[in-house]
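Below is the file data.tsv, which contains TSV, C-alpha atoms.
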```tsv
chain	number	residue	atom	x	y	z
A	1	GLU	CA	-9.39	-42.43	-62.80
A	2	LEU	CA	-11.57	-39.48	-61.95
A	3	PRO	CA	-10.77	-37.54	-58.77
A	4	PHE	CA	-13.32	-37.36	-55.99
A	5	VAL	CA	-14.40	-34.02	-54.56
A	6	ILE	CA	-14.01	-33.02	-50.91
A	7	ARG	CA	-16.12	-30.05	-49.90
A	8	THR	CA	-14.88	-28.31	-46.77
A	9	ASP	CA	-15.64	-25.12	-44.87
A	10	HIS	CA	-11.96	-24.76	-43.92
A	11	LYS	CA	-10.76	-22.37	-46.59
A	12	ASN	CA	-7.07	-22.58	-45.64
A	13	LEU	CA	-6.94	-26.19	-46.82
A	14	ILE	CA	-7.53	-25.02	-50.39
A	15	TYR	CA	-4.08	-23.44	-50.51
A	16	LEU	CA	-2.29	-26.52	-49.16
A	17	LYS	CA	-1.48	-27.76	-52.66
A	18	GLU	CA	-0.75	-24.29	-53.99
A	19	ALA	CA	1.55	-23.01	-51.25
A	20	LYS	CA	5.23	-22.73	-52.15
A	21	ARG	CA	6.52	-22.79	-48.58
A	22	LEU	CA	5.24	-25.27	-46.03
A	23	ASN	CA	6.22	-25.90	-42.46
A	24	PRO	CA	7.23	-29.46	-41.48
A	25	ARG	CA	3.73	-30.42	-40.35
A	26	GLN	CA	2.07	-29.09	-43.51
A	27	PHE	CA	4.70	-30.84	-45.61
A	28	ARG	CA	3.86	-34.19	-43.98
A	29	TRP	CA	0.17	-33.58	-44.65
A	30	SER	CA	0.82	-32.72	-48.28
A	31	LEU	CA	2.99	-35.81	-48.71
A	32	PHE	CA	0.26	-38.01	-47.23
A	33	PHE	CA	-2.43	-36.49	-49.46
A	34	THR	CA	-0.46	-37.37	-52.60
A	35	ARG	CA	-1.62	-40.97	-52.13
A	36	PHE	CA	-5.16	-39.97	-53.06
A	37	ASN	CA	-6.70	-38.43	-56.17
A	38	PHE	CA	-9.05	-35.74	-54.92
A	39	VAL	CA	-10.01	-32.12	-55.39
A	40	LEU	CA	-10.71	-29.71	-52.53
A	41	SER	CA	-13.72	-27.47	-52.92
A	42	TYR	CA	-14.44	-24.68	-50.47
A	43	ARG	CA	-18.01	-24.16	-49.30
A	44	PRO	CA	-18.93	-21.73	-46.50
A	45	GLY	CA	-20.28	-23.26	-43.33
A	46	SER	CA	-23.66	-21.56	-43.78
A	47	LYS	CA	-24.12	-23.44	-47.07
A	48	ASN	CA	-22.42	-26.66	-46.07
A	49	THR	CA	-25.49	-28.15	-44.38
A	50	LYS	CA	-25.15	-31.79	-45.37
A	51	PRO	CA	-22.53	-32.65	-42.70
A	52	ASP	CA	-24.74	-30.99	-40.12
A	53	ASP	CA	-27.53	-33.41	-40.99
A	54	LEU	CA	-25.39	-36.24	-39.67
A	55	SER	CA	-24.57	-34.65	-36.31
A	56	ARG	CA	-27.71	-32.57	-35.83
A	57	GLN	CA	-30.53	-34.82	-36.87
A	58	TYR	CA	-33.93	-33.23	-36.71
A	59	THR	CA	-36.72	-35.05	-34.94
A	60	SER	CA	-40.38	-34.20	-35.17
A	61	LYS	CA	-41.28	-36.11	-32.02
A	62	ASP	CA	-42.00	-34.08	-28.92
A	63	GLU	CA	-39.57	-35.15	-26.24
A	64	ALA	CA	-40.58	-34.79	-22.63
A	65	THR	CA	-38.38	-32.57	-20.52
A	66	PRO	CA	-36.47	-34.78	-18.06
A	67	GLY	CA	-37.38	-34.21	-14.46
A	68	THR	CA	-34.94	-32.96	-11.87
A	69	ILE	CA	-33.15	-35.47	-9.70
A	70	LEU	CA	-33.69	-33.52	-6.50
A	71	PRO	CA	-36.97	-31.91	-5.50
A	72	PRO	CA	-37.16	-28.09	-5.33
A	73	PHE	CA	-36.57	-28.26	-1.59
A	74	CYS	CA	-34.32	-30.70	0.20
A	75	ILE	CA	-33.31	-31.15	3.82
A	76	VAL	CA	-29.51	-31.20	3.93
A	77	ALA	CA	-29.09	-31.39	7.71
A	78	GLY	CA	-31.09	-32.16	10.78
A	79	VAL	CA	-32.94	-29.35	12.46
A	80	THR	CA	-31.73	-30.53	15.85
A	81	TRP	CA	-28.38	-32.05	16.75
A	82	THR	CA	-28.10	-35.20	18.82
A	83	ILE	CA	-25.01	-33.81	20.54
A	84	ARG	CA	-27.17	-31.11	22.09
A	85	GLU	CA	-29.47	-33.75	23.56
A	86	GLN	CA	-26.45	-35.59	24.97
A	87	VAL	CA	-25.20	-32.41	26.65
A	88	LEU	CA	-28.65	-31.75	28.14
A	89	GLU	CA	-28.71	-35.26	29.60
A	90	ALA	CA	-25.22	-34.80	31.07
A	91	LEU	CA	-26.23	-31.48	32.65
A	92	LYS	CA	-28.79	-33.32	34.77
A	93	VAL	CA	-25.87	-34.97	36.57
A	94	ASP	CA	-23.32	-32.13	36.33
A	95	PRO	CA	-25.13	-28.76	36.00
A	96	GLY	CA	-21.86	-26.81	35.75
A	97	PRO	CA	-20.63	-23.70	37.58
A	98	GLY	CA	-23.65	-21.60	36.66
A	99	ASN	CA	-21.66	-18.44	35.85
A	100	GLY	CA	-21.54	-18.81	32.06
A	101	PRO	CA	-23.56	-17.19	29.29
A	102	THR	CA	-27.28	-17.63	29.79
A	103	ASN	CA	-28.02	-18.56	26.18
A	104	LYS	CA	-25.38	-21.31	25.90
A	105	LEU	CA	-25.06	-24.79	27.33
A	106	PHE	CA	-22.20	-25.70	29.63
A	107	VAL	CA	-20.40	-28.87	28.45
A	108	PRO	CA	-19.22	-31.24	31.20
A	109	GLN	CA	-15.67	-32.57	31.09
A	110	GLU	CA	-16.57	-36.03	29.78
A	111	LEU	CA	-18.41	-34.64	26.72
A	112	ARG	CA	-15.99	-31.92	25.60
A	113	GLY	CA	-13.98	-34.17	23.33
A	114	ARG	CA	-17.17	-35.47	21.73
A	115	VAL	CA	-18.45	-31.93	21.13
A	116	ILE	CA	-15.16	-30.88	19.50
A	117	HIS	CA	-15.16	-34.04	17.37
A	118	TRP	CA	-18.73	-33.29	16.25
A	119	ALA	CA	-17.88	-29.69	15.29
A	120	HIS	CA	-14.61	-30.53	13.53
A	121	THR	CA	-15.40	-33.75	11.65
A	122	GLY	CA	-19.11	-33.36	10.93
A	123	ARG	CA	-20.41	-33.58	7.36
A	124	PHE	CA	-21.39	-29.93	7.40
A	125	SER	CA	-18.04	-28.68	8.74
A	126	ILE	CA	-15.44	-30.83	6.90
A	127	HIS	CA	-12.38	-30.29	9.11
A	128	PRO	CA	-12.24	-26.49	9.47
A	129	GLY	CA	-9.46	-24.64	11.25
A	130	VAL	CA	-9.31	-23.60	14.87
A	131	GLY	CA	-11.29	-20.38	14.36
A	132	ARG	CA	-14.20	-21.91	12.44
A	133	THR	CA	-14.42	-24.93	14.73
A	134	LEU	CA	-14.45	-22.66	17.76
A	135	ALA	CA	-17.08	-20.38	16.22
A	136	LEU	CA	-19.38	-23.33	15.52
A	137	ILE	CA	-19.11	-24.64	19.08
A	138	ARG	CA	-19.62	-21.22	20.63
A	139	ARG	CA	-22.98	-20.84	18.92
A	140	THR	CA	-24.49	-23.29	21.39
A	141	PHE	CA	-21.90	-24.44	23.96
A	142	TRP	CA	-19.24	-23.08	26.27
A	143	TRP	CA	-16.76	-24.14	28.96
A	144	PRO	CA	-13.81	-22.32	30.57
A	145	SER	CA	-10.96	-23.90	28.55
A	146	ILE	CA	-12.81	-24.07	25.24
A	147	PHE	CA	-10.14	-22.27	23.16
A	148	LYS	CA	-7.27	-24.36	24.54
A	149	ASP	CA	-9.13	-27.65	24.05
A	150	VAL	CA	-10.25	-26.84	20.50
A	151	ARG	CA	-6.78	-25.70	19.47
A	152	GLU	CA	-5.12	-28.86	20.81
A	153	TYR	CA	-7.68	-31.08	19.06
A	154	VAL	CA	-7.40	-29.37	15.66
A	155	LEU	CA	-3.59	-29.28	15.72
A	156	ALA	CA	-3.53	-33.01	16.55
A	157	CYS	CA	-6.01	-34.00	13.82
A	158	HIS	CA	-4.23	-36.48	11.53
A	159	VAL	CA	-6.63	-35.86	8.63
A	160	CYS	CA	-5.84	-32.14	8.65
A	161	ALA	CA	-2.12	-32.89	8.91
A	162	GLN	CA	-2.26	-35.13	5.81
A	163	GLN	CA	-4.13	-32.55	3.73
A	164	LYS	CA	-2.18	-29.51	4.88
A	165	GLY	CA	0.38	-28.17	2.43
A	166	THR	CA	4.00	-27.78	3.40
A	167	ASN	CA	5.45	-24.37	4.26
A	168	GLN	CA	9.00	-25.36	3.37
A	169	LEU	CA	10.67	-24.03	0.26
A	170	PRO	CA	11.26	-26.57	-2.52
A	171	ALA	CA	14.62	-28.28	-2.43
A	172	GLY	CA	17.27	-26.87	-4.71
A	173	LEU	CA	18.60	-28.64	-7.77
A	174	LEU	CA	21.48	-31.06	-7.35
A	175	CYS	CA	24.85	-29.63	-8.34
A	176	PRO	CA	27.26	-32.54	-8.84
A	177	LEU	CA	30.95	-31.88	-8.46
A	178	PRO	CA	33.05	-31.90	-11.63
A	179	VAL	CA	34.70	-35.21	-12.50
A	180	PRO	CA	38.48	-35.03	-11.92
A	181	SER	CA	40.74	-35.63	-14.91
A	182	ARG	CA	43.77	-36.97	-13.00
A	183	PRO	CA	44.64	-38.43	-9.56
A	184	TRP	CA	44.90	-36.15	-6.55
A	185	SER	CA	43.67	-33.07	-8.38
A	186	HIS	CA	40.51	-33.09	-6.24
A	187	ILE	CA	40.38	-34.48	-2.71
A	188	ALA	CA	37.74	-34.79	0.01
A	189	ILE	CA	38.67	-34.54	3.68
A	190	ASP	CA	36.78	-35.21	6.89
A	191	PHE	CA	37.42	-35.89	10.57
A	192	VAL	CA	36.38	-38.89	12.65
A	193	CYS	CA	36.14	-37.70	16.26
A	194	GLY	CA	35.27	-39.13	19.65
A	195	LEU	CA	37.34	-42.32	19.31
A	196	PRO	CA	38.91	-44.15	22.26
A	197	SER	CA	42.39	-42.79	22.94
A	198	SER	CA	45.31	-44.85	21.62
A	199	HIS	CA	48.86	-43.58	22.15
A	200	SER	CA	47.31	-40.14	22.81
A	201	PHE	CA	45.48	-40.19	19.44
A	202	ASN	CA	41.68	-39.94	19.42
A	203	THR	CA	40.92	-38.33	16.03
A	204	ILE	CA	41.43	-39.51	12.44
A	205	LEU	CA	41.82	-37.23	9.42
A	206	THR	CA	40.48	-38.96	6.28
A	207	ILE	CA	41.77	-37.86	2.86
A	208	VAL	CA	40.11	-39.42	-0.22
A	209	ASP	CA	41.18	-38.91	-3.83
A	210	ARG	CA	38.00	-38.31	-5.83
A	211	PHE	CA	39.57	-39.70	-9.02
A	212	SER	CA	41.00	-43.03	-7.81
A	213	LYS	CA	39.09	-43.27	-4.49
A	214	ALA	CA	42.44	-43.86	-2.73
A	215	CYS	CA	42.16	-43.13	0.99
A	216	HIS	CA	44.79	-41.89	3.45
A	217	LEU	CA	44.18	-41.92	7.21
A	218	VAL	CA	46.16	-39.56	9.46
A	219	PRO	CA	45.97	-39.96	13.27
A	220	LEU	CA	45.58	-36.76	15.29
A	221	LYS	CA	45.72	-36.06	19.02
A	222	ALA	CA	42.82	-33.61	18.84
A	223	LEU	CA	40.47	-31.97	16.41
A	224	PRO	CA	42.42	-29.10	14.83
A	225	THR	CA	41.06	-25.59	14.96
A	226	SER	CA	39.86	-23.69	11.92
A	227	ALA	CA	43.04	-21.62	11.97
A	228	VAL	CA	45.18	-24.77	11.69
A	229	THR	CA	43.11	-26.38	8.96
```
What does the file become when written as structure tokens?
Amino acid sequence: ELPFVIRTDHKNLIYLKEAKRLNPRQFRWSLFFTRFNFVLSYRPGSKNTKPDDLSRQYTSKDEATPGTILPPFCIVAGVTWTIREQVLEALKVDPGPGNGPTNKLFVPQELRGRVIHWAHTGRFSIHPGVGRTLALIRRTFWWPSIFKDVREYVLACHVCAQQKGTNQLPAGLLCPLPVPSRPWSHIAIDFVCGLPSSHSFNTILTIVDRFSKACHLVPLKALPTSAVT
């Protein structure tokens, strides 16, 4: 049976059958290749054009350039905000103290929560922090307790709380106690306090053998001090 020829641009494969020392992976490859009768022939990639004909087929047809999905210009947000119109309507009933900045709108009490909600949860803001939410509101609006109200709202936002990373250090690895080899070589003790008094005893000392789990209970009249224990 005549061997078939495999032409490859991977020159290192040529030495697979000739190498005297192979790592485990190369040894498995060589063992698998013994099932087939073939000859490896190296051909540089610049001359090995036939495989490229399969993956890079040439076409003589002129293909139209696909158009863009979005036009060159696109409106991503409204030029005016409806919240501003709501504040202007509310100012007709409650004009405010009149001592604020001249270029900003005073927000009545009943609309402050709505203004903060608009600035913090809008599509263009996406739940920013206290500083960025406050800066966005202060571009157009004001009221005396604006910082306090914005801070309380942002800190109470449940969406921000769910996405916020923890500041706590990761928990340490568990360190199990060694397994005892005989009874009463390792014991665990604890105190049960605050019990109703019985014959002047109100505390129990518990002693547990970690090998056999045998438990001894010792009544005490009071919790002993560190010097006694």
| message | Report, in Å to a single decimal, how far apart atom CA of Asn37 of chain A and atom CA of Asp53 of chain A are. | response | 26.3 Å
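Interatomic distance, atom CA of Thr49 of chain A to atom CA of Ile14 of chain A: 19.2 Å.
Distance check against Leu88 of chain A using only C-alpha atoms: of A:Pro44, A:Pro108, A:Pro219, A:Gly113, the minimum falls on A:Pro108.
Closest approach to Trp142 of chain A from the set A:Ala156, A:Val39, A:Leu177, A:Val107 is made by A:Val107, with distances taken over only C-alpha atoms.
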| request: Would you work out the distance separating atom CA of Asp62 of chain A from atom CA of Gly45 of chain A, expressed in Å to one decimal? | output: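 Separation of atom CA of Asp62 of chain A and atom CA of Gly45 of chain A: 28.2 Å.
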| said: Env of Arg210 of chain A: 8 Å cut, atoms = all atoms listed in the file, seq-sep filter 5 positions within chain, self excluded. Answer as a list of chain:residue names. | reply: A:Pro180, A:Pro183, A:Trp184, A:His186, A:Ile187, A:Ala188
| query | So which residues touch Ala222 of chain A within 8 Å, counting all atoms listed in the file, skipping near sequence neighbours fewer than 2 positions away, as an MDAnalysis selection string? | reply | chainID A and resid 201:203 220 224
| Need the neighbours of (-26.6, -35.7, 23.4): which residues are at most 12 Å away, counting only C-alpha atoms, as an MDAnalysis selection string? | chainID A and resid 80:92 105 107:108 110:112 114:115 118
| query | Hey, what's within 10 Å of Val154 of chain A if we count all atoms listed in the file and toss same-chain stuff fewer than 3 positions away? As a list in words, please? | reply |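 Using all atoms listed in the file, the neighbours found are Ile116, His117, His120, Thr121, His127, Pro128, Gly129, Val130, Gly131, Thr133, Leu134, Asp149, Val150, Arg151, Cys157, His158, Val159, Cys160 and Ala161 of chain A.
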| message | My list of candidates is A:Pro144, A:Ala214, A:Thr34, A:Asn12. Which is closest to Asn99 of chain A when distances are computed with all atoms listed in the file? | response | A:Pro144
| task | Tell me which of A:Ile126, A:Leu217, A:Phe141, A:Ala135 sits closest to Phe106 of chain A, counting all atoms listed in the file. | result |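 The answer is A:Phe141, which sits nearest to Phe106 of chain A.
Closest to Val218 of chain A among A:Ile146, A:Thr102, A:Arg132, A:Ile189 is A:Ile189, based on all atoms listed in the file.
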With 3 Å added on each side, what axis-aligned box encloses every listed atom of segment 103-115 of chain A? Give the centre and edge lengths in Å to one decimal, as JSON.
```
{"center_x": -21.0, "center_y": -27.3, "center_z": 26.2, "size_x": 20.0, "size_y": 23.5, "size_z": 16.1}
```
